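Participant: Here you go, this is model16.pdb (PDB, C-alpha atoms).
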```
ATOM      1  CA  MET A   1      -6.255   4.075  -4.295  1.00  0.00           C
ATOM      2  CA  VAL A   2      -6.498   6.789  -1.639  1.00  0.00           C
ATOM      3  CA  GLY A   3      -4.773   9.285  -3.900  1.00  0.00           C
ATOM      4  CA  ILE A   4      -6.988   8.495  -6.887  1.00  0.00           C
ATOM      5  CA  ALA A   5     -10.124   8.728  -4.749  1.00  0.00           C
ATOM      6  CA  SER A   6      -9.038  12.072  -3.311  1.00  0.00           C
ATOM      7  CA  VAL A   7      -9.169  13.682  -6.762  1.00  0.00           C
ATOM      8  CA  THR A   8     -12.974  13.675  -6.698  1.00  0.00           C
ATOM      9  CA  ALA A   9     -13.802  12.992  -3.039  1.00  0.00           C
ATOM     10  CA  ARG A  10     -13.029  14.992   0.071  1.00  0.00           C
ATOM     11  CA  ILE A  11     -10.234  12.841   1.429  1.00  0.00           C
ATOM     12  CA  ASP A  12      -7.373  14.299   3.439  1.00  0.00           C
ATOM     13  CA  PRO A  13      -4.949  11.640   4.722  1.00  0.00           C
ATOM     14  CA  HIS A  14      -4.181  13.811   7.744  1.00  0.00           C
ATOM     15  CA  HIS A  15      -7.790  13.722   8.884  1.00  0.00           C
ATOM     16  CA  PRO A  16      -9.186  10.836  10.977  1.00  0.00           C
ATOM     17  CA  ALA A  17      -9.996   7.712   8.994  1.00  0.00           C
ATOM     18  CA  THR A  18     -13.686   7.004   8.464  1.00  0.00           C
ATOM     19  CA  ILE A  19     -14.215   3.776  10.394  1.00  0.00           C
ATOM     20  CA  PRO A  20     -17.881   3.404  11.382  1.00  0.00           C
ATOM     21  CA  GLU A  21     -17.030   0.713  13.941  1.00  0.00           C
ATOM     22  CA  TRP A  22     -14.995   3.304  15.901  1.00  0.00           C
ATOM     23  CA  ARG A  23     -17.710   5.931  16.245  1.00  0.00           C
ATOM     24  CA  HIS A  24     -18.681   5.025  19.797  1.00  0.00           C
ATOM     25  CA  PRO A  25     -18.247   7.986  22.186  1.00  0.00           C
ATOM     26  CA  GLY A  26     -14.820   7.963  23.804  1.00  0.00           C
ATOM     27  CA  ASP A  27     -13.224   5.440  21.426  1.00  0.00           C
ATOM     28  CA  PRO A  28      -9.586   6.641  21.167  1.00  0.00           C
ATOM     29  CA  ARG A  29      -9.145   4.872  17.829  1.00  0.00           C
ATOM     30  CA  ALA A  30     -11.417   7.448  16.193  1.00  0.00           C
ATOM     31  CA  ALA A  31      -8.447   9.852  16.128  1.00  0.00           C
ATOM     32  CA  ILE A  32      -6.292   7.531  13.953  1.00  0.00           C
ATOM     33  CA  THR A  33      -5.717   9.178  10.592  1.00  0.00           C
ATOM     34  CA  LEU A  34      -5.406   7.681   7.134  1.00  0.00           C
ATOM     35  CA  ASP A  35      -1.810   8.868   7.186  1.00  0.00           C
ATOM     36  CA  ASN A  36      -1.194   6.865  10.389  1.00  0.00           C
ATOM     37  CA  LEU A  37      -2.626   3.773   8.707  1.00  0.00           C
ATOM     38  CA  MET A  38      -0.667   4.141   5.468  1.00  0.00           C
ATOM     39  CA  ARG A  39       2.552   4.665   7.419  1.00  0.00           C
ATOM     40  CA  MET A  40       1.989   1.625   9.667  1.00  0.00           C
ATOM     41  CA  ALA A  41       1.808   3.952  12.647  1.00  0.00           C
ATOM     42  CA  SER A  42      -1.725   3.349  13.925  1.00  0.00           C
ATOM     43  CA  GLY A  43      -0.605   2.239  17.381  1.00  0.00           C
ATOM     44  CA  LEU A  44      -3.081  -0.651  17.234  1.00  0.00           C
ATOM     45  CA  HIS A  45      -2.224  -3.979  18.827  1.00  0.00           C
ATOM     46  CA  SER A  46      -0.710  -6.635  16.577  1.00  0.00           C
ATOM     47  CA  ASP A  47      -0.573 -10.245  17.687  1.00  0.00           C
ATOM     48  CA  SER A  48       2.578 -10.746  15.599  1.00  0.00           C
ATOM     49  CA  ALA A  49       4.784  -8.815  13.218  1.00  0.00           C
ATOM     50  CA  GLY A  50       2.675  -8.108  10.166  1.00  0.00           C
ATOM     51  CA  ASN A  51      -0.562  -9.083  11.929  1.00  0.00           C
ATOM     52  CA  ARG A  52      -1.830 -12.585  11.311  1.00  0.00           C
ATOM     53  CA  THR A  53      -4.803 -11.995   9.055  1.00  0.00           C
ATOM     54  CA  ASP A  54      -5.398 -15.618   8.098  1.00  0.00           C
ATOM     55  CA  ALA A  55      -8.986 -15.443   9.340  1.00  0.00           C
ATOM     56  CA  ILE A  56      -9.690 -12.799   6.691  1.00  0.00           C
ATOM     57  CA  TYR A  57      -7.489 -14.190   3.932  1.00  0.00           C
ATOM     58  CA  PHE A  58      -8.485 -17.835   4.269  1.00  0.00           C
ATOM     59  CA  GLY A  59     -11.055 -18.315   7.017  1.00  0.00           C
ATOM     60  CA  GLY A  60     -14.121 -16.477   5.752  1.00  0.00           C
ATOM     61  CA  THR A  61     -14.025 -13.619   8.280  1.00  0.00           C
ATOM     62  CA  ALA A  62     -14.833 -10.114   7.019  1.00  0.00           C
ATOM     63  CA  VAL A  63     -12.666  -7.029   7.431  1.00  0.00           C
ATOM     64  CA  THR A  64     -15.397  -5.371   9.471  1.00  0.00           C
ATOM     65  CA  GLU A  65     -15.594  -8.388  11.764  1.00  0.00           C
ATOM     66  CA  SER A  66     -11.870  -8.679  12.451  1.00  0.00           C
ATOM     67  CA  ALA A  67      -9.614  -5.787  11.420  1.00  0.00           C
ATOM     68  CA  THR A  68     -11.746  -3.169  13.155  1.00  0.00           C
ATOM     69  CA  GLY A  69     -11.587  -4.916  16.534  1.00  0.00           C
ATOM     70  CA  TRP A  70      -7.949  -4.489  17.550  1.00  0.00           C
ATOM     71  CA  PRO A  71      -7.351  -2.244  20.604  1.00  0.00           C
ATOM     72  CA  LEU A  72      -5.014   0.733  20.795  1.00  0.00           C
ATOM     73  CA  GLU A  73      -1.790   0.037  22.683  1.00  0.00           C
ATOM     74  CA  ALA A  74       0.461   2.950  21.659  1.00  0.00           C
ATOM     75  CA  ALA A  75      -0.228   6.567  20.820  1.00  0.00           C
ATOM     76  CA  ARG A  76      -0.986   6.932  17.131  1.00  0.00           C
ATOM     77  CA  GLY A  77       1.912   8.209  15.057  1.00  0.00           C
ATOM     78  CA  THR A  78       4.561   7.222  17.626  1.00  0.00           C
ATOM     79  CA  ARG A  79       5.423   3.633  16.662  1.00  0.00           C
ATOM     80  CA  PHE A  80       6.187   1.884  13.377  1.00  0.00           C
ATOM     81  CA  ARG A  81       4.822  -1.639  13.277  1.00  0.00           C
ATOM     82  CA  TYR A  82       4.193  -3.294   9.942  1.00  0.00           C
ATOM     83  CA  ALA A  83       0.609  -4.505  10.049  1.00  0.00           C
ATOM     84  CA  ASN A  84      -1.696  -5.793   7.327  1.00  0.00           C
ATOM     85  CA  ASN A  85      -4.616  -4.527   9.369  1.00  0.00           C
ATOM     86  CA  ASP A  86      -3.550  -0.917   8.906  1.00  0.00           C
ATOM     87  CA  ILE A  87      -4.005  -1.270   5.137  1.00  0.00           C
ATOM     88  CA  LEU A  88      -7.272  -3.162   5.586  1.00  0.00           C
ATOM     89  CA  LEU A  89      -8.514  -0.308   7.757  1.00  0.00           C
ATOM     90  CA  ALA A  90      -7.439   2.330   5.226  1.00  0.00           C
ATOM     91  CA  THR A  91      -9.439   0.417   2.630  1.00  0.00           C
ATOM     92  CA  ARG A  92     -12.399   0.197   5.020  1.00  0.00           C
ATOM     93  CA  SER A  93     -12.230   3.979   5.367  1.00  0.00           C
ATOM     94  CA  LEU A  94     -12.418   4.393   1.589  1.00  0.00           C
ATOM     95  CA  ARG A  95     -15.588   2.326   1.429  1.00  0.00           C
ATOM     96  CA  ALA A  96     -17.254   4.342   4.186  1.00  0.00           C
ATOM     97  CA  THR A  97     -16.233   7.611   2.505  1.00  0.00           C
ATOM     98  CA  LEU A  98     -16.975   6.851  -1.146  1.00  0.00           C
ATOM     99  CA  GLY A  99     -20.140   4.787  -0.913  1.00  0.00           C
ATOM    100  CA  GLU A 100     -20.797   1.423  -2.486  1.00  0.00           C
ATOM    101  CA  ALA A 101     -20.770   2.127  -6.227  1.00  0.00           C
ATOM    102  CA  ARG A 102     -17.664   4.321  -6.303  1.00  0.00           C
ATOM    103  CA  TYR A 103     -15.805   2.019  -3.940  1.00  0.00           C
ATOM    104  CA  ALA A 104     -16.628  -1.088  -5.973  1.00  0.00           C
ATOM    105  CA  ASN A 105     -15.352   0.566  -9.165  1.00  0.00           C
ATOM    106  CA  LEU A 106     -12.223   2.141  -7.655  1.00  0.00           C
ATOM    107  CA  PRO A 107      -9.490  -0.481  -8.245  1.00  0.00           C
ATOM    108  CA  HIS A 108     -10.457  -1.398 -11.794  1.00  0.00           C
ATOM    109  CA  GLY A 109     -12.085   1.797 -13.040  1.00  0.00           C
ATOM    110  CA  GLY A 110      -9.719   4.138 -11.242  1.00  0.00           C
ATOM    111  CA  LEU A 111      -6.371   2.388 -11.708  1.00  0.00           C
ATOM    112  CA  PHE A 112      -6.169  -0.967 -13.486  1.00  0.00           C
ATOM    113  CA  HIS A 113      -8.157  -0.101 -16.610  1.00  0.00           C
ATOM    114  CA  PRO A 114      -6.604   3.348 -17.217  1.00  0.00           C
ATOM    115  CA  LEU A 115      -3.102   1.843 -16.955  1.00  0.00           C
ATOM    116  CA  GLY A 116      -3.931  -1.138 -19.157  1.00  0.00           C
ATOM    117  CA  MET A 117      -3.399  -3.571 -16.261  1.00  0.00           C
ATOM    118  CA  THR A 118      -5.741  -6.043 -17.905  1.00  0.00           C
ATOM    119  CA  HIS A 119      -4.407  -9.078 -16.054  1.00  0.00           C
ATOM    120  CA  THR A 120      -4.834  -7.684 -12.540  1.00  0.00           C
ATOM    121  CA  THR A 121      -7.663  -8.290 -10.132  1.00  0.00           C
ATOM    122  CA  THR A 122      -8.155  -8.046  -6.390  1.00  0.00           C
ATOM    123  CA  GLY A 123     -10.169 -10.196  -4.037  1.00  0.00           C
ATOM    124  CA  THR A 124     -12.823  -9.196  -1.526  1.00  0.00           C
ATOM    125  CA  ASP A 125     -14.167 -10.734   1.637  1.00  0.00           C
ATOM    126  CA  TRP A 126     -17.733 -12.085   1.658  1.00  0.00           C
ATOM    127  CA  GLN A 127     -19.068  -8.626   2.530  1.00  0.00           C
ATOM    128  CA  GLY A 128     -17.430  -6.960  -0.463  1.00  0.00           C
ATOM    129  CA  ASN A 129     -14.463  -5.336   1.299  1.00  0.00           C
ATOM    130  CA  TYR A 130     -11.364  -5.248  -0.903  1.00  0.00           C
ATOM    131  CA  ILE A 131      -8.383  -7.102   0.577  1.00  0.00           C
ATOM    132  CA  LEU A 132      -5.743  -4.684  -0.706  1.00  0.00           C
ATOM    133  CA  SER A 133      -3.166  -5.783   1.868  1.00  0.00           C
ATOM    134  CA  SER A 134      -3.011  -9.041  -0.085  1.00  0.00           C
ATOM    135  CA  GLN A 135      -5.084 -11.114  -2.525  1.00  0.00           C
ATOM    136  CA  VAL A 136      -4.072  -8.983  -5.513  1.00  0.00           C
ATOM    137  CA  TRP A 137      -3.392 -11.174  -8.535  1.00  0.00           C
ATOM    138  CA  THR A 138      -1.287  -9.734 -11.331  1.00  0.00           C
ATOM    139  CA  THR A 139       1.550 -10.216 -13.802  1.00  0.00           C
ATOM    140  CA  ALA A 140       5.071  -8.823 -14.146  1.00  0.00           C
ATOM    141  CA  ARG A 141       4.035  -6.663 -17.105  1.00  0.00           C
ATOM    142  CA  ASP A 142       1.125  -5.159 -15.193  1.00  0.00           C
ATOM    143  CA  LEU A 143       3.390  -4.422 -12.239  1.00  0.00           C
ATOM    144  CA  ALA A 144       5.820  -2.725 -14.630  1.00  0.00           C
ATOM    145  CA  ARG A 145       2.987  -0.473 -15.768  1.00  0.00           C
ATOM    146  CA  LEU A 146       2.255   0.412 -12.156  1.00  0.00           C
ATOM    147  CA  GLY A 147       5.920   1.215 -11.503  1.00  0.00           C
ATOM    148  CA  GLN A 148       6.090   3.373 -14.632  1.00  0.00           C
ATOM    149  CA  PHE A 149       2.949   5.194 -13.476  1.00  0.00           C
ATOM    150  CA  TRP A 150       4.677   6.010 -10.188  1.00  0.00           C
ATOM    151  CA  LEU A 151       7.843   7.055 -12.014  1.00  0.00           C
ATOM    152  CA  GLN A 152       5.750   9.449 -14.109  1.00  0.00           C
ATOM    153  CA  ASP A 153       4.408  11.112 -10.957  1.00  0.00           C
ATOM    154  CA  GLY A 154       0.914   9.661 -11.267  1.00  0.00           C
ATOM    155  CA  VAL A 155       0.404  10.636 -14.907  1.00  0.00           C
ATOM    156  CA  TRP A 156      -0.505   8.093 -17.583  1.00  0.00           C
ATOM    157  CA  GLN A 157      -0.660   8.918 -21.300  1.00  0.00           C
ATOM    158  CA  GLY A 158      -0.987  12.596 -20.494  1.00  0.00           C
ATOM    159  CA  ARG A 159      -3.780  12.136 -17.966  1.00  0.00           C
ATOM    160  CA  ARG A 160      -3.120  12.951 -14.315  1.00  0.00           C
ATOM    161  CA  LEU A 161      -4.673  10.274 -12.105  1.00  0.00           C
ATOM    162  CA  LEU A 162      -2.963  11.197  -8.832  1.00  0.00           C
ATOM    163  CA  PRO A 163      -3.020  14.674  -7.263  1.00  0.00           C
ATOM    164  CA  THR A 164       0.060  16.785  -7.863  1.00  0.00           C
ATOM    165  CA  GLY A 165       2.568  15.976  -5.131  1.00  0.00           C
ATOM    166  CA  TRP A 166       0.990  12.656  -4.163  1.00  0.00           C
ATOM    167  CA  MET A 167       4.005  10.577  -5.175  1.00  0.00           C
ATOM    168  CA  ARG A 168       6.243  12.870  -3.161  1.00  0.00           C
ATOM    169  CA  TYR A 169       3.936  12.265  -0.202  1.00  0.00           C
ATOM    170  CA  MET A 170       4.013   8.488  -0.680  1.00  0.00           C
ATOM    171  CA  THR A 171       7.795   8.400  -0.907  1.00  0.00           C
ATOM    172  CA  SER A 172       8.663  10.767   1.950  1.00  0.00           C
ATOM    173  CA  ALA A 173       9.576   9.459   5.387  1.00  0.00           C
ATOM    174  CA  ALA A 174       7.499  10.999   8.169  1.00  0.00           C
ATOM    175  CA  GLY A 175       6.884   9.866  11.699  1.00  0.00           C
ATOM    176  CA  PRO A 176       8.271   6.635  13.166  1.00  0.00           C
ATOM    177  CA  GLN A 177      10.551   4.512  11.008  1.00  0.00           C
ATOM    178  CA  PRO A 178      11.618   0.846  10.970  1.00  0.00           C
ATOM    179  CA  GLY A 179      14.554   0.089  13.219  1.00  0.00           C
ATOM    180  CA  ASP A 180      16.953  -0.813  10.407  1.00  0.00           C
ATOM    181  CA  GLY A 181      17.041  -1.431   6.682  1.00  0.00           C
ATOM    182  CA  PRO A 182      14.953   0.651   4.273  1.00  0.00           C
ATOM    183  CA  GLY A 183      12.788   3.486   5.525  1.00  0.00           C
ATOM    184  CA  TYR A 184       9.035   3.707   5.054  1.00  0.00           C
ATOM    185  CA  GLY A 185       6.781   6.289   3.449  1.00  0.00           C
ATOM    186  CA  ALA A 186       3.032   6.102   2.924  1.00  0.00           C
ATOM    187  CA  THR A 187       2.865   2.416   1.825  1.00  0.00           C
ATOM    188  CA  MET A 188       6.283   2.566   0.101  1.00  0.00           C
ATOM    189  CA  TRP A 189       9.660   1.215   1.244  1.00  0.00           C
ATOM    190  CA  LEU A 190      12.362   3.863   0.868  1.00  0.00           C
ATOM    191  CA  PHE A 191      15.857   2.993  -0.369  1.00  0.00           C
ATOM    192  CA  GLY A 192      19.058   4.978  -0.795  1.00  0.00           C
ATOM    193  CA  PRO A 193      22.824   4.966  -0.298  1.00  0.00           C
ATOM    194  CA  LYS A 194      22.622   2.736   2.775  1.00  0.00           C
ATOM    195  CA  GLN A 195      21.262   0.030   0.471  1.00  0.00           C
ATOM    196  CA  GLY A 196      23.713   0.868  -2.319  1.00  0.00           C
ATOM    197  CA  LEU A 197      21.079   2.719  -4.375  1.00  0.00           C
ATOM    198  CA  PRO A 198      20.595   6.336  -5.458  1.00  0.00           C
ATOM    199  CA  VAL A 199      18.794   8.777  -3.192  1.00  0.00           C
ATOM    200  CA  GLY A 200      15.048   8.732  -3.805  1.00  0.00           C
ATOM    201  CA  SER A 201      14.717   5.059  -4.777  1.00  0.00           C
ATOM    202  CA  TYR A 202      11.597   3.334  -3.507  1.00  0.00           C
ATOM    203  CA  ALA A 203       9.752   0.057  -3.814  1.00  0.00           C
ATOM    204  CA  ALA A 204       6.518  -1.772  -3.246  1.00  0.00           C
ATOM    205  CA  GLN A 205       7.318  -5.159  -1.763  1.00  0.00           C
ATOM    206  CA  GLY A 206       4.850  -8.013  -1.684  1.00  0.00           C
ATOM    207  CA  ASN A 207       4.709 -11.378  -0.020  1.00  0.00           C
ATOM    208  CA  ARG A 208       7.610 -13.807  -0.491  1.00  0.00           C
ATOM    209  CA  GLY A 209       9.771 -11.773  -2.812  1.00  0.00           C
ATOM    210  CA  GLN A 210       7.529  -9.685  -5.057  1.00  0.00           C
ATOM    211  CA  SER A 211       9.089  -6.276  -5.738  1.00  0.00           C
ATOM    212  CA  VAL A 212       8.491  -3.190  -7.858  1.00  0.00           C
ATOM    213  CA  MET A 213      11.601  -1.038  -7.495  1.00  0.00           C
ATOM    214  CA  VAL A 214      11.574   2.499  -8.885  1.00  0.00           C
ATOM    215  CA  ILE A 215      14.841   4.418  -9.298  1.00  0.00           C
ATOM    216  CA  PRO A 216      13.946   7.928 -10.508  1.00  0.00           C
ATOM    217  CA  GLN A 217      17.570   9.034 -10.912  1.00  0.00           C
ATOM    218  CA  HIS A 218      17.968   6.498 -13.727  1.00  0.00           C
ATOM    219  CA  GLN A 219      14.340   6.501 -14.948  1.00  0.00           C
ATOM    220  CA  LEU A 220      14.327   2.805 -14.134  1.00  0.00           C
ATOM    221  CA  VAL A 221      11.608   0.380 -13.034  1.00  0.00           C
ATOM    222  CA  ILE A 222      12.567  -3.144 -11.968  1.00  0.00           C
ATOM    223  CA  VAL A 223       9.975  -5.854 -11.353  1.00  0.00           C
ATOM    224  CA  ARG A 224      10.909  -9.064  -9.614  1.00  0.00           C
ATOM    225  CA  ARG A 225       8.464 -11.954  -9.247  1.00  0.00           C
ATOM    226  CA  GLY A 226       9.357 -14.949  -7.139  1.00  0.00           C
ATOM    227  CA  GLU A 227       8.443 -17.421  -4.433  1.00  0.00           C
ATOM    228  CA  ASP A 228      11.027 -17.153  -1.673  1.00  0.00           C
ATOM    229  CA  PRO A 229      10.610 -20.086   0.706  1.00  0.00           C
ATOM    230  CA  GLY A 230      11.200 -19.816   4.428  1.00  0.00           C
ATOM    231  CA  ALA A 231      14.157 -17.651   5.374  1.00  0.00           C
ATOM    232  CA  ALA A 232      15.390 -17.312   1.774  1.00  0.00           C
ATOM    233  CA  ARG A 233      15.163 -13.697   0.607  1.00  0.00           C
ATOM    234  CA  PHE A 234      15.974 -12.219  -2.769  1.00  0.00           C
ATOM    235  CA  ASP A 235      18.258  -9.183  -2.408  1.00  0.00           C
ATOM    236  CA  ILE A 236      16.364  -6.615  -4.470  1.00  0.00           C
ATOM    237  CA  SER A 237      18.792  -3.850  -3.466  1.00  0.00           C
ATOM    238  CA  ARG A 238      21.820  -5.713  -4.762  1.00  0.00           C
ATOM    239  CA  PHE A 239      20.023  -6.830  -7.915  1.00  0.00           C
ATOM    240  CA  SER A 240      18.924  -3.249  -8.621  1.00  0.00           C
ATOM    241  CA  ALA A 241      22.441  -1.913  -8.060  1.00  0.00           C
ATOM    242  CA  GLU A 242      23.811  -4.507 -10.493  1.00  0.00           C
ATOM    243  CA  ALA A 243      21.176  -3.526 -13.064  1.00  0.00           C
ATOM    244  CA  ILE A 244      22.163   0.140 -12.717  1.00  0.00           C
ATOM    245  CA  ALA A 245      25.807  -0.790 -13.299  1.00  0.00           C
ATOM    246  CA  LEU A 246      24.838  -2.264 -16.692  1.00  0.00           C
ATOM    247  CA  LEU A 247      23.179   0.918 -17.922  1.00  0.00           C
ATOM    248  CA  PRO A 248      25.018   2.826 -20.671  1.00  0.00           C
TER     249      PRO A 248
END
```
Mind turning this structure into structure tokens?

Facilitator:
Amino acid sequence: MVGIASVTARIDPHHPATIPEWRHPGDPRAAITLDNLMRMASGLHSDSAGNRTDAIYFGGTAVTESATGWPLEAARGTRFRYANNDILLATRSLRATLGEARYANLPHGGLFHPLGMTHTTTGTDWQGNYILSSQVWTTARDLARLGQFWLQDGVWQGRRLLPTGWMRYMTSAAGPQPGDGPGYGATMWLFGPKQGLPVGSYAAQGNRGQSVMVIPQHQLVIVRRGEDPGAARFDISRFSAEAIALLP
């Protein structure tokens, strides 16, 4: 969404995010960039791994009432901590930058409709803020379209929707990284030989086992839908490696 918006709006992910609630003089959070937020490196406090955002998802609280209130506890860009709030804040920044009409049309007009993702929608809070860290309802076929769009470097049916180089930005590790397992780009999990996959593989991974794995070396997109209960976890790396082994 940030990349699509930046085609027509003045958005530089390396500039401070536009969060009106942080504009008080001396607020150190005002220096947090969109890049920090998309890389889970805001330095904001999290009450638990991933940030418990139940109050927004289920309790009727708005993004602007909750996500914008967390204090800074580490220097921005120095710590990786997966946090739903970082994505909520990046989305809040888009709304403040684009204005109401362009923001409201962005997911469907900018991405879903051009790609033919006709069975995808995303929820908002009661104040109209998109909940893009969750509450996105879709199908396996629509996710496959999204993965193919990424594989094609942000081009769909000959039309460039993402700026040149944006996919490289999203899939490049920069700044702090998770302690083990896959690396992290700008919203993307990064896979490679350590996970038994080719260099340059990457994935979007959703709640409880949803995965869109892209393996550019083999021009391959793998979508996995599931409902992994408790500690059970589907091994998307192993599954993808087995799928590669079946290719002619």

Participant: Determine the residue membership of the PyMOL selection byres ((chain A and resi 74-81) around 6) for the file above and supply it as an mmCIF file with C-alpha atoms, in the frame of the given file.

Facilitator:
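Output below, filename expr.cif:
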```
data_model
loop_
_atom_site.group_PDB
_atom_site.id
_atom_site.type_symbol
_atom_site.label_atom_id
_atom_site.label_comp_id
_atom_site.auth_asym_id
_atom_site.auth_seq_id
_atom_site.Cartn_x
_atom_site.Cartn_y
_atom_site.Cartn_z
ATOM 1 C CA ASN A 36 -1.194 6.865 10.389
ATOM 2 C CA MET A 40 1.989 1.625 9.667
ATOM 3 C CA ALA A 41 1.808 3.952 12.647
ATOM 4 C CA SER A 42 -1.725 3.349 13.925
ATOM 5 C CA GLY A 43 -0.605 2.239 17.381
ATOM 6 C CA LEU A 72 -5.014 0.733 20.795
ATOM 7 C CA GLU A 73 -1.790 0.037 22.683
ATOM 8 C CA TYR A 82 4.193 -3.294 9.942
ATOM 9 C CA PRO A 176 8.271 6.635 13.166
ATOM 10 C CA GLN A 177 10.551 4.512 11.008
#
```

Participant: Written as a count of residues only, what is the full residue list that the PyMOL selection byres ((chain A and resi 9-24) around 9) yields on the file shown?

Facilitator: 32

Participant: Could you tell me, as a list of chain:residue names, exactly which residues end up selected when the PyMOL selection byres ((chain A and resi 181) around 10) is applied to this structure?

Facilitator: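 Taken over the shown coordinates, the PyMOL selection byres ((chain A and resi 181) around 10) returns A:Gln177, A:Pro178, A:Gly179, A:Asp180, A:Pro182, A:Gly183, A:Tyr184, A:Trp189, A:Leu190, A:Phe191, A:Lys194, A:Gln195.
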
Participant: Go ahead and find all residues with at least one atom no further than 9 Å from (1.6, -4.7, -14.9) in the file's coordinates, using all atoms listed in the file; report them as a VMD selection string.

Facilitator: chain A and resid 112 115 to 120 138 to 147

Participant: Excluding range 155-158 of chain A and residues on its chain fewer than 3 positions from it, collect all residues at most 12 Å away from it, counting all atoms listed in the file, and give them as a list of chain:residue names.

Facilitator: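 Final neighbour list, sorted by chain and number: A:Ile4, A:Gly110, A:Leu111, A:Phe112, A:His113, A:Pro114, A:Leu115, A:Gly116, A:Arg145, A:Leu146, A:Gly147, A:Gln148, A:Phe149, A:Trp150, A:Leu151, A:Gln152, A:Leu161, A:Leu162, A:Pro163, A:Thr164, A:Gly165, A:Trp166, A:Met167.
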
Participant: In Å, how far is it from CA of Tyr130 in chain A to CA of Gly230 in chain A?

Facilitator: 27.4 Å

Participant: Go ahead and compute the interatomic distance for CA of Ala67 in chain A and CA of Thr53 in chain A, in Å to one decimal.

Facilitator: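 CA of Thr53 in chain A lies 8.2 Å from CA of Ala67 in chain A.
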
Participant: Name all residues at most 8 Å from Gly209 in chain A (count only C-alpha atoms; drop same-chain ones fewer than 2 positions away) and give them as a PyMOL selection string.

Facilitator: chain A and resi 205-207+211+224-228+233-234

Participant: Put a box with edges along x, y and z around all the listed atoms of range 147-152 of chain A, pad it by 6 Å on each side, then give me its centre and sizes in Å, one decimal, as lines of an AutoDock Vina configuration file.

Facilitator:
```
center_x = 5.4
center_y = 5.3
center_z = -12.4
size_x = 16.9
size_y = 20.2
size_z = 16.4
```

Participant: Please provide the set of residues having any atom within 7 Å of Ala62 in chain A, restricted to only C-alpha atoms, with same-chain residues fewer than 5 positions apart removed, written as a ChimeraX atom specification.

Facilitator: /A:56,125-127

Participant: If I take CA of Ala173 in chain A and CA of Ser201 in chain A, how far is one from the other in Å, to one decimal?

Facilitator: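 CA of Ser201 in chain A lies 12.2 Å from CA of Ala173 in chain A.
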